[in-house]
$ cat protein.cif   # mmCIF, N, CA and C atoms
data_start
loop_
_atom_site.label_atom_id
_atom_site.label_comp_id
_atom_site.auth_asym_id
_atom_site.auth_seq_id
_atom_site.Cartn_x
_atom_site.Cartn_y
_atom_site.Cartn_z
N LYS A 1 64.94 22.11 76.71
CA LYS A 1 63.56 21.99 76.28
C LYS A 1 63.53 21.28 74.94
N LYS A 2 62.86 20.15 74.88
CA LYS A 2 62.81 19.38 73.64
C LYS A 2 61.74 19.94 72.73
N ARG A 3 62.04 19.91 71.42
CA ARG A 3 61.08 20.37 70.43
C ARG A 3 60.45 19.19 69.74
N LYS A 4 59.23 19.38 69.33
CA LYS A 4 58.52 18.36 68.58
C LYS A 4 59.16 18.21 67.21
N ALA A 5 59.29 17.00 66.74
CA ALA A 5 59.85 16.77 65.40
C ALA A 5 58.89 17.34 64.37
N LYS A 6 59.44 18.00 63.37
CA LYS A 6 58.61 18.59 62.33
C LYS A 6 58.41 17.58 61.21
N SER A 7 57.28 17.69 60.55
CA SER A 7 57.01 16.78 59.43
C SER A 7 57.85 17.20 58.24
N SER A 8 57.85 16.36 57.22
CA SER A 8 58.63 16.66 56.03
C SER A 8 57.85 17.49 55.04
N LYS A 9 56.73 18.07 55.46
CA LYS A 9 55.96 18.91 54.56
C LYS A 9 56.37 20.36 54.72
N THR A 10 56.37 21.08 53.62
CA THR A 10 56.68 22.50 53.64
C THR A 10 55.48 23.24 54.20
N ALA A 11 55.73 24.20 55.08
CA ALA A 11 54.64 24.95 55.72
C ALA A 11 53.71 25.55 54.69
N GLY A 12 52.44 25.20 54.79
CA GLY A 12 51.43 25.81 53.94
C GLY A 12 51.33 25.23 52.55
N SER A 13 52.28 24.46 52.07
CA SER A 13 52.23 23.99 50.69
C SER A 13 51.55 22.65 50.56
N GLY A 14 51.63 21.83 51.62
CA GLY A 14 51.05 20.51 51.53
C GLY A 14 51.87 19.55 50.72
N GLU A 15 53.01 19.99 50.21
CA GLU A 15 53.86 19.13 49.40
C GLU A 15 55.06 18.68 50.22
N ALA A 16 55.41 17.42 50.08
CA ALA A 16 56.59 16.91 50.77
C ALA A 16 57.82 17.54 50.15
N THR A 17 58.78 17.84 50.98
CA THR A 17 60.03 18.41 50.46
C THR A 17 60.95 17.30 50.01
N SER A 18 61.78 17.58 49.04
CA SER A 18 62.76 16.60 48.60
C SER A 18 63.97 16.72 49.51
N ALA A 19 65.04 16.09 49.14
CA ALA A 19 66.27 16.21 49.92
C ALA A 19 66.64 17.69 50.01
N THR A 20 67.57 18.02 50.88
CA THR A 20 67.97 19.40 51.10
C THR A 20 68.19 20.11 49.77
N PRO A 21 67.58 21.29 49.57
CA PRO A 21 67.73 22.01 48.31
C PRO A 21 69.18 22.39 48.06
N ARG A 22 69.56 22.42 46.81
CA ARG A 22 70.92 22.77 46.45
C ARG A 22 71.03 24.26 46.15
N PRO A 23 71.92 24.97 46.85
CA PRO A 23 72.11 26.39 46.54
C PRO A 23 72.79 26.56 45.18
N ARG A 24 72.57 27.71 44.58
CA ARG A 24 73.11 27.98 43.25
C ARG A 24 74.34 28.88 43.35
N ASN A 25 75.18 28.78 42.33
CA ASN A 25 76.29 29.72 42.12
C ASN A 25 77.24 29.88 43.29
N LEU A 26 77.64 28.81 43.90
CA LEU A 26 78.55 28.91 45.03
C LEU A 26 79.96 28.50 44.62
N ASN A 27 80.94 29.11 45.25
CA ASN A 27 82.31 28.69 45.05
C ASN A 27 82.55 27.35 45.73
N LEU A 28 81.80 27.06 46.79
CA LEU A 28 81.90 25.77 47.48
C LEU A 28 80.86 24.84 46.88
N ASN A 29 81.18 23.54 46.79
CA ASN A 29 80.13 22.64 46.35
C ASN A 29 79.10 22.51 47.46
N PHE A 30 77.93 21.94 47.14
CA PHE A 30 76.82 21.93 48.09
C PHE A 30 77.18 21.28 49.42
N ASP A 31 77.78 20.11 49.37
CA ASP A 31 78.09 19.41 50.61
C ASP A 31 79.06 20.21 51.48
N ALA A 32 79.96 20.94 50.84
CA ALA A 32 80.99 21.67 51.58
C ALA A 32 80.46 22.97 52.21
N TRP A 33 79.60 23.72 51.53
CA TRP A 33 79.19 25.03 52.06
C TRP A 33 78.51 24.89 53.41
N GLU A 34 77.61 23.92 53.51
CA GLU A 34 76.86 23.78 54.74
C GLU A 34 77.77 23.36 55.89
N LYS A 35 78.63 22.40 55.63
CA LYS A 35 79.58 21.93 56.64
C LYS A 35 80.53 23.06 57.04
N ASP A 36 81.02 23.80 56.04
CA ASP A 36 81.95 24.88 56.31
C ASP A 36 81.29 26.01 57.11
N MET A 37 80.08 26.37 56.73
CA MET A 37 79.40 27.45 57.45
C MET A 37 79.06 27.01 58.88
N LEU A 38 78.60 25.78 59.03
CA LEU A 38 78.28 25.27 60.37
C LEU A 38 79.54 25.26 61.24
N ASP A 39 80.65 24.81 60.69
CA ASP A 39 81.92 24.80 61.42
C ASP A 39 82.30 26.22 61.83
N TRP A 40 82.14 27.16 60.90
CA TRP A 40 82.46 28.57 61.19
C TRP A 40 81.56 29.11 62.30
N LEU A 41 80.26 28.87 62.21
CA LEU A 41 79.33 29.36 63.23
C LEU A 41 79.68 28.83 64.62
N LEU A 42 80.06 27.56 64.68
CA LEU A 42 80.32 26.90 65.96
C LEU A 42 81.71 27.16 66.53
N ASN A 43 82.69 27.44 65.66
CA ASN A 43 84.09 27.46 66.11
C ASN A 43 84.87 28.74 65.90
N VAL A 44 84.38 29.64 65.07
CA VAL A 44 85.12 30.87 64.78
C VAL A 44 84.40 32.05 65.44
N PRO A 45 85.03 32.68 66.43
CA PRO A 45 84.40 33.86 67.05
C PRO A 45 84.13 34.92 65.99
N HIS A 46 82.93 35.51 66.02
CA HIS A 46 82.53 36.48 65.00
C HIS A 46 81.48 37.42 65.58
N GLY A 47 81.16 38.44 64.81
CA GLY A 47 80.13 39.40 65.21
C GLY A 47 80.65 40.44 66.18
N LYS A 48 79.75 41.33 66.60
CA LYS A 48 80.16 42.45 67.46
C LYS A 48 80.69 41.98 68.81
N ASN A 49 80.22 40.83 69.30
CA ASN A 49 80.71 40.32 70.59
C ASN A 49 81.83 39.30 70.43
N HIS A 50 82.20 39.03 69.18
CA HIS A 50 83.29 38.10 68.89
C HIS A 50 83.10 36.76 69.61
N LYS A 51 81.92 36.15 69.38
CA LYS A 51 81.59 34.88 70.01
C LYS A 51 81.16 33.87 68.95
N THR A 52 81.12 32.61 69.34
CA THR A 52 80.61 31.56 68.48
C THR A 52 79.13 31.35 68.79
N CYS A 53 78.46 30.56 67.97
CA CYS A 53 77.03 30.26 68.15
C CYS A 53 76.85 28.95 68.90
N SER A 54 75.71 28.83 69.56
CA SER A 54 75.33 27.55 70.15
C SER A 54 74.94 26.60 69.01
N GLN A 55 74.88 25.32 69.31
CA GLN A 55 74.48 24.33 68.30
C GLN A 55 73.08 24.64 67.76
N ASP A 56 72.13 24.96 68.64
CA ASP A 56 70.77 25.24 68.21
C ASP A 56 70.72 26.49 67.34
N ASN A 57 71.42 27.54 67.75
CA ASN A 57 71.49 28.78 66.98
C ASN A 57 72.06 28.49 65.59
N ALA A 58 73.16 27.77 65.53
CA ALA A 58 73.81 27.47 64.25
C ALA A 58 72.88 26.66 63.34
N GLN A 59 72.18 25.70 63.90
CA GLN A 59 71.26 24.89 63.09
C GLN A 59 70.11 25.72 62.56
N GLN A 60 69.61 26.66 63.36
CA GLN A 60 68.55 27.56 62.90
C GLN A 60 69.05 28.44 61.75
N VAL A 61 70.26 28.96 61.86
CA VAL A 61 70.84 29.79 60.81
C VAL A 61 70.98 28.97 59.52
N ILE A 62 71.51 27.76 59.63
CA ILE A 62 71.69 26.90 58.45
C ILE A 62 70.34 26.58 57.82
N ARG A 63 69.33 26.31 58.63
CA ARG A 63 67.99 26.00 58.11
C ARG A 63 67.45 27.16 57.25
N GLN A 64 67.59 28.39 57.75
CA GLN A 64 67.09 29.54 56.99
C GLN A 64 68.00 29.82 55.78
N ALA A 65 69.30 29.62 55.93
CA ALA A 65 70.22 29.81 54.81
C ALA A 65 69.86 28.87 53.66
N ARG A 66 69.56 27.61 53.98
CA ARG A 66 69.15 26.64 52.94
C ARG A 66 67.94 27.16 52.17
N LYS A 67 66.96 27.68 52.90
CA LYS A 67 65.74 28.17 52.25
C LYS A 67 66.04 29.36 51.34
N LEU A 68 66.88 30.28 51.81
CA LEU A 68 67.23 31.45 51.02
C LEU A 68 68.06 31.07 49.80
N LEU A 69 69.05 30.21 49.98
CA LEU A 69 69.95 29.85 48.89
C LEU A 69 69.28 28.97 47.83
N SER A 70 68.26 28.25 48.22
CA SER A 70 67.57 27.36 47.28
C SER A 70 66.56 28.10 46.41
N GLY A 71 66.20 29.33 46.80
CA GLY A 71 65.16 30.06 46.08
C GLY A 71 63.77 29.78 46.64
N GLN A 72 63.69 28.88 47.62
CA GLN A 72 62.41 28.54 48.26
C GLN A 72 61.85 29.74 49.01
N GLY A 73 62.73 30.54 49.57
CA GLY A 73 62.30 31.66 50.39
C GLY A 73 61.96 31.19 51.79
N VAL A 74 61.74 32.13 52.69
CA VAL A 74 61.45 31.81 54.09
C VAL A 74 59.99 32.14 54.39
N PRO A 75 59.17 31.11 54.58
CA PRO A 75 57.78 31.33 54.98
C PRO A 75 57.67 31.45 56.50
N TYR A 76 56.53 31.89 56.96
CA TYR A 76 56.29 31.97 58.41
C TYR A 76 54.83 31.70 58.66
N LYS A 77 54.53 30.93 59.68
CA LYS A 77 53.15 30.49 59.94
C LYS A 77 52.17 31.63 60.15
N ASN A 78 52.63 32.80 60.57
CA ASN A 78 51.72 33.92 60.82
C ASN A 78 51.60 34.88 59.63
N TRP A 79 52.25 34.56 58.52
CA TRP A 79 52.09 35.35 57.29
C TRP A 79 51.04 34.68 56.43
N PRO A 80 50.45 35.41 55.49
CA PRO A 80 49.44 34.79 54.62
C PRO A 80 50.00 33.57 53.88
N GLU A 81 49.14 32.65 53.56
CA GLU A 81 49.54 31.45 52.84
C GLU A 81 50.22 31.83 51.52
N GLY A 82 51.31 31.18 51.21
CA GLY A 82 52.04 31.44 49.97
C GLY A 82 53.05 32.57 50.06
N VAL A 83 53.05 33.32 51.16
CA VAL A 83 54.00 34.43 51.34
C VAL A 83 55.28 33.88 51.94
N ALA A 84 56.40 34.19 51.28
CA ALA A 84 57.71 33.79 51.78
C ALA A 84 58.71 34.88 51.39
N PHE A 85 59.57 35.23 52.30
CA PHE A 85 60.57 36.25 52.01
C PHE A 85 61.60 35.71 51.02
N ALA A 86 61.90 36.47 49.98
CA ALA A 86 62.92 36.18 48.97
C ALA A 86 62.62 34.92 48.16
N LYS A 87 61.35 34.59 48.00
CA LYS A 87 60.95 33.43 47.21
C LYS A 87 61.34 33.64 45.75
N ASN A 88 61.91 32.61 45.15
CA ASN A 88 62.33 32.60 43.74
C ASN A 88 63.43 33.62 43.42
N GLU A 89 64.18 34.02 44.42
CA GLU A 89 65.30 34.94 44.19
C GLU A 89 66.61 34.17 44.13
N SER A 90 67.55 34.69 43.40
CA SER A 90 68.86 34.08 43.29
C SER A 90 69.79 34.69 44.35
N ILE A 91 69.83 34.05 45.50
CA ILE A 91 70.67 34.51 46.61
C ILE A 91 71.85 33.56 46.69
N THR A 92 73.05 34.12 46.77
CA THR A 92 74.26 33.31 46.83
C THR A 92 75.15 33.79 47.97
N LEU A 93 75.98 32.88 48.45
CA LEU A 93 76.92 33.25 49.51
C LEU A 93 78.07 34.08 48.98
N ASP A 94 78.32 34.00 47.68
CA ASP A 94 79.47 34.71 47.15
C ASP A 94 79.11 36.00 46.41
N GLY A 95 77.84 36.29 46.19
CA GLY A 95 77.52 37.47 45.41
C GLY A 95 76.41 38.36 45.93
N THR A 96 75.67 37.92 46.91
CA THR A 96 74.55 38.69 47.43
C THR A 96 75.02 39.80 48.36
N ASN A 97 74.39 40.95 48.23
CA ASN A 97 74.63 42.06 49.16
C ASN A 97 73.71 41.83 50.35
N PHE A 98 74.25 41.28 51.42
CA PHE A 98 73.44 40.92 52.58
C PHE A 98 72.98 42.13 53.38
N ASP A 99 73.67 43.26 53.27
CA ASP A 99 73.18 44.48 53.92
C ASP A 99 71.85 44.89 53.28
N SER A 100 71.81 44.84 51.96
CA SER A 100 70.58 45.18 51.23
C SER A 100 69.48 44.17 51.53
N LEU A 101 69.82 42.89 51.55
CA LEU A 101 68.84 41.85 51.85
C LEU A 101 68.28 42.03 53.26
N TYR A 102 69.13 42.40 54.19
CA TYR A 102 68.72 42.65 55.59
C TYR A 102 67.70 43.80 55.63
N GLU A 103 67.98 44.89 54.93
CA GLU A 103 67.07 46.03 54.91
C GLU A 103 65.74 45.65 54.27
N ARG A 104 65.79 44.85 53.20
CA ARG A 104 64.56 44.37 52.55
C ARG A 104 63.76 43.49 53.51
N ALA A 105 64.45 42.68 54.31
CA ALA A 105 63.77 41.81 55.28
C ALA A 105 63.04 42.66 56.34
N LYS A 106 63.66 43.75 56.76
CA LYS A 106 63.03 44.63 57.74
C LYS A 106 61.74 45.24 57.16
N ILE A 107 61.80 45.67 55.91
CA ILE A 107 60.62 46.24 55.24
C ILE A 107 59.54 45.17 55.07
N PHE A 108 59.96 43.97 54.68
CA PHE A 108 59.04 42.84 54.51
C PHE A 108 58.32 42.55 55.82
N GLN A 109 59.06 42.56 56.93
CA GLN A 109 58.46 42.28 58.23
C GLN A 109 57.51 43.39 58.66
N LYS A 110 57.77 44.62 58.27
CA LYS A 110 56.83 45.70 58.58
C LYS A 110 55.52 45.47 57.84
N LYS A 111 55.61 44.93 56.62
CA LYS A 111 54.41 44.69 55.82
C LYS A 111 53.63 43.48 56.32
N TYR A 112 54.33 42.37 56.59
CA TYR A 112 53.64 41.11 56.91
C TYR A 112 53.66 40.75 58.39
N GLY A 113 54.46 41.44 59.17
CA GLY A 113 54.52 41.16 60.60
C GLY A 113 55.86 40.54 60.99
N GLU A 114 56.34 40.98 62.14
CA GLU A 114 57.61 40.46 62.66
C GLU A 114 57.39 39.06 63.23
N ASP A 115 58.41 38.22 63.11
CA ASP A 115 58.32 36.90 63.72
C ASP A 115 58.31 37.05 65.24
N LYS A 116 57.77 36.07 65.91
CA LYS A 116 57.65 36.13 67.38
C LYS A 116 59.02 36.14 68.06
N GLY A 117 60.06 35.73 67.36
CA GLY A 117 61.41 35.75 67.91
C GLY A 117 62.10 37.09 67.71
N HIS A 118 61.37 38.09 67.20
CA HIS A 118 61.89 39.44 67.01
C HIS A 118 63.17 39.47 66.16
N GLY A 119 63.11 38.81 65.01
CA GLY A 119 64.23 38.87 64.07
C GLY A 119 65.00 37.58 63.90
N TRP A 120 64.72 36.58 64.72
CA TRP A 120 65.47 35.33 64.63
C TRP A 120 65.12 34.52 63.39
N LEU A 121 63.96 34.78 62.78
CA LEU A 121 63.56 34.06 61.58
C LEU A 121 64.33 34.54 60.35
N LEU A 122 64.46 35.86 60.18
CA LEU A 122 65.10 36.42 58.99
C LEU A 122 66.35 37.23 59.29
N LEU A 123 66.23 38.20 60.18
CA LEU A 123 67.31 39.17 60.38
C LEU A 123 68.58 38.52 60.92
N HIS A 124 68.45 37.70 61.92
CA HIS A 124 69.62 37.05 62.50
C HIS A 124 70.34 36.14 61.48
N PRO A 125 69.62 35.26 60.78
CA PRO A 125 70.30 34.41 59.79
C PRO A 125 70.95 35.21 58.65
N ILE A 126 70.29 36.26 58.19
CA ILE A 126 70.86 37.08 57.12
C ILE A 126 72.14 37.75 57.60
N HIS A 127 72.14 38.24 58.83
CA HIS A 127 73.35 38.86 59.39
C HIS A 127 74.49 37.83 59.48
N LYS A 128 74.17 36.62 59.92
CA LYS A 128 75.20 35.57 60.01
C LYS A 128 75.72 35.21 58.62
N MET A 129 74.84 35.20 57.62
CA MET A 129 75.27 34.91 56.25
C MET A 129 76.22 36.00 55.76
N LYS A 130 75.96 37.25 56.12
CA LYS A 130 76.85 38.35 55.75
C LYS A 130 78.23 38.16 56.40
N LEU A 131 78.22 37.84 57.70
CA LEU A 131 79.49 37.65 58.40
C LEU A 131 80.27 36.47 57.82
N TYR A 132 79.57 35.41 57.46
CA TYR A 132 80.22 34.24 56.86
C TYR A 132 80.78 34.61 55.48
N GLN A 133 80.04 35.38 54.71
CA GLN A 133 80.51 35.84 53.41
C GLN A 133 81.80 36.64 53.56
N GLU A 134 81.84 37.54 54.55
CA GLU A 134 83.04 38.34 54.80
C GLU A 134 84.21 37.44 55.23
N HIS A 135 83.93 36.45 56.05
CA HIS A 135 84.95 35.49 56.48
C HIS A 135 85.54 34.76 55.27
N ARG A 136 84.67 34.27 54.39
CA ARG A 136 85.14 33.55 53.19
C ARG A 136 85.96 34.44 52.29
N ALA A 137 85.52 35.68 52.13
CA ALA A 137 86.25 36.63 51.28
C ALA A 137 87.63 36.91 51.87
N SER A 138 87.71 37.04 53.19
CA SER A 138 89.01 37.30 53.81
C SER A 138 89.92 36.09 53.68
N GLN A 139 89.38 34.89 53.72
CA GLN A 139 90.19 33.67 53.53
C GLN A 139 90.75 33.63 52.12
N GLN A 140 89.92 34.01 51.15
CA GLN A 140 90.37 34.00 49.75
C GLN A 140 91.46 35.03 49.50
N ARG A 141 91.47 36.11 50.30
CA ARG A 141 92.50 37.14 50.17
C ARG A 141 93.73 36.77 51.00
N GLY A 142 93.65 35.68 51.73
CA GLY A 142 94.78 35.25 52.53
C GLY A 142 94.91 35.94 53.86
N GLU A 143 93.80 36.52 54.37
CA GLU A 143 93.85 37.22 55.66
C GLU A 143 93.74 36.28 56.84
N TRP A 144 93.39 35.02 56.62
CA TRP A 144 93.20 34.09 57.73
C TRP A 144 94.28 33.06 57.76
#

$ encode --input "protein.cif" --output "structure tokens"
Amino acid sequence: KKRKAKSSKTAGSGEATSATPRPRNLNLNFDAWEKDMLDWLLNVPHGKNHKTCSQDNAQQVIRQARKLLSGQGVPYKNWPEGVAFAKNESITLDGTNFDSLYERAKIFQKKYGEDKGHGWLLLHPIHKMKLYQEHRASQQRGEW
């Protein structure tokens, strides 16, 4: 099923987005983190079922990760204008407690409404970011 190409405007803001936002405070440089995480999602079995992600799934996770890591936050068309989860927060792949962020996302969704994908907008990407963080930490300890 083909999807319609999205415009370069940020949902609800009316402002054109610049090039991909740069995440802060990462051990990996910007160009490397995205490539490394995408490679991990597509090629390294992970999670409770020990499977890899489809290309579409991986791209959706990266898209939400970019928003979270940039401080932009994650908006949703069915939330009030200007509302975005984790907007202006300093979220990093090497220092954020993703279990806590996941719980906050659940509370946020109770307040503003769950996405129509039942967690694919926030919960799924945050969980993948946690698993990727654990993978990176294990590599640094020499477990891989």

$ atom_distance --input "protein.cif" --atom1 "atom CA of A:Glu81" --atom2 "atom CA of A:Glu34"
28.4 Å

$ atom_distance --input "protein.cif" --atom1 "atom C of A:Leu68" --atom2 "atom N of A:Tyr132"
14.5 Å

$ resolve_selection --input "protein.cif" --expression "the PyMOL selection byres (((chain A and resi 97-114 and name CA) around 7) and name CA)" --output "MDAnalysis selection string"
chainID A and resid 79 95:96 115:116 118:119 122:123 126 130

$ residues_around --input "protein.cif" --residues "A:Gln72" --least-positions-apart "6" --cutoff "7 Å" --atoms "all atoms listed in the file" --output "list in words"
Arg66, Ala84, Phe85, Ala86, Lys87, Asn88 and Glu89 of chain A

$ residues_around --input "protein.cif" --residues "A:Leu41" --least-positions-apart "5" --cutoff "6 Å" --atoms "all atoms listed in the file" --output "PyMOL selection string"
chain A and resi 36+52-53+58

$ write_last_selection --input "protein.cif" --atoms "N, CA and C atoms" --output "JSON list (two decimals), in the frame of the given file"
[["chain", "number", "residue", "atom", "x", "y", "z"],
["A", 36, "ASP", "N", 81.02, 23.80, 56.04],
["A", 36, "ASP", "CA", 81.95, 24.88, 56.31],
["A", 36, "ASP", "C", 81.29, 26.01, 57.11],
["A", 52, "THR", "N", 81.12, 32.61, 69.34],
["A", 52, "THR", "CA", 80.61, 31.56, 68.48],
["A", 52, "THR", "C", 79.13, 31.35, 68.79],
["A", 53, "CYS", "N", 78.46, 30.56, 67.97],
["A", 53, "CYS", "CA", 77.03, 30.26, 68.15],
["A", 53, "CYS", "C", 76.85, 28.95, 68.90],
["A", 58, "ALA", "N", 73.16, 27.77, 65.53],
["A", 58, "ALA", "CA", 73.81, 27.47, 64.25],
["A", 58, "ALA", "C", 72.88, 26.66, 63.34]]

$ atom_distance --input "protein.cif" --atom1 "atom CA of A:Val61" --atom2 "atom CA of A:Asn43"
14.5 Å

$ closest_residue --input "protein.cif" --among "A:Ile62, A:Ser138, A:Gly117, A:Asp94" --to "A:Leu38" --atoms "only N, CA and C atoms"
A:Ile62

$ residues_around --input "protein.cif" --residues "A:Lys48" --least-positions-apart "2" --cutoff "12 Å" --atoms "only C-alpha atoms" --output "compact mmCIF listing (two decimals) with N, CA and C atoms, in the frame of the given file"
# COMPACT_ATOMS: atom_id res chain seq x y z
N PRO A 45 85.03 32.68 66.43
CA PRO A 45 84.40 33.86 67.05
C PRO A 45 84.13 34.92 65.99
N HIS A 46 82.93 35.51 66.02
CA HIS A 46 82.53 36.48 65.00
C HIS A 46 81.48 37.42 65.58
N HIS A 50 82.20 39.03 69.18
CA HIS A 50 83.29 38.10 68.89
C HIS A 50 83.10 36.76 69.61
N LYS A 51 81.92 36.15 69.38
CA LYS A 51 81.59 34.88 70.01
C LYS A 51 81.16 33.87 68.95
N THR A 52 81.12 32.61 69.34
CA THR A 52 80.61 31.56 68.48
C THR A 52 79.13 31.35 68.79
N HIS A 127 72.14 38.24 58.83
CA HIS A 127 73.35 38.86 59.39
C HIS A 127 74.49 37.83 59.48
N LYS A 128 74.17 36.62 59.92
CA LYS A 128 75.20 35.57 60.01
C LYS A 128 75.72 35.21 58.62
N LEU A 131 78.22 37.84 57.70
CA LEU A 131 79.49 37.65 58.40
C LEU A 131 80.27 36.47 57.82
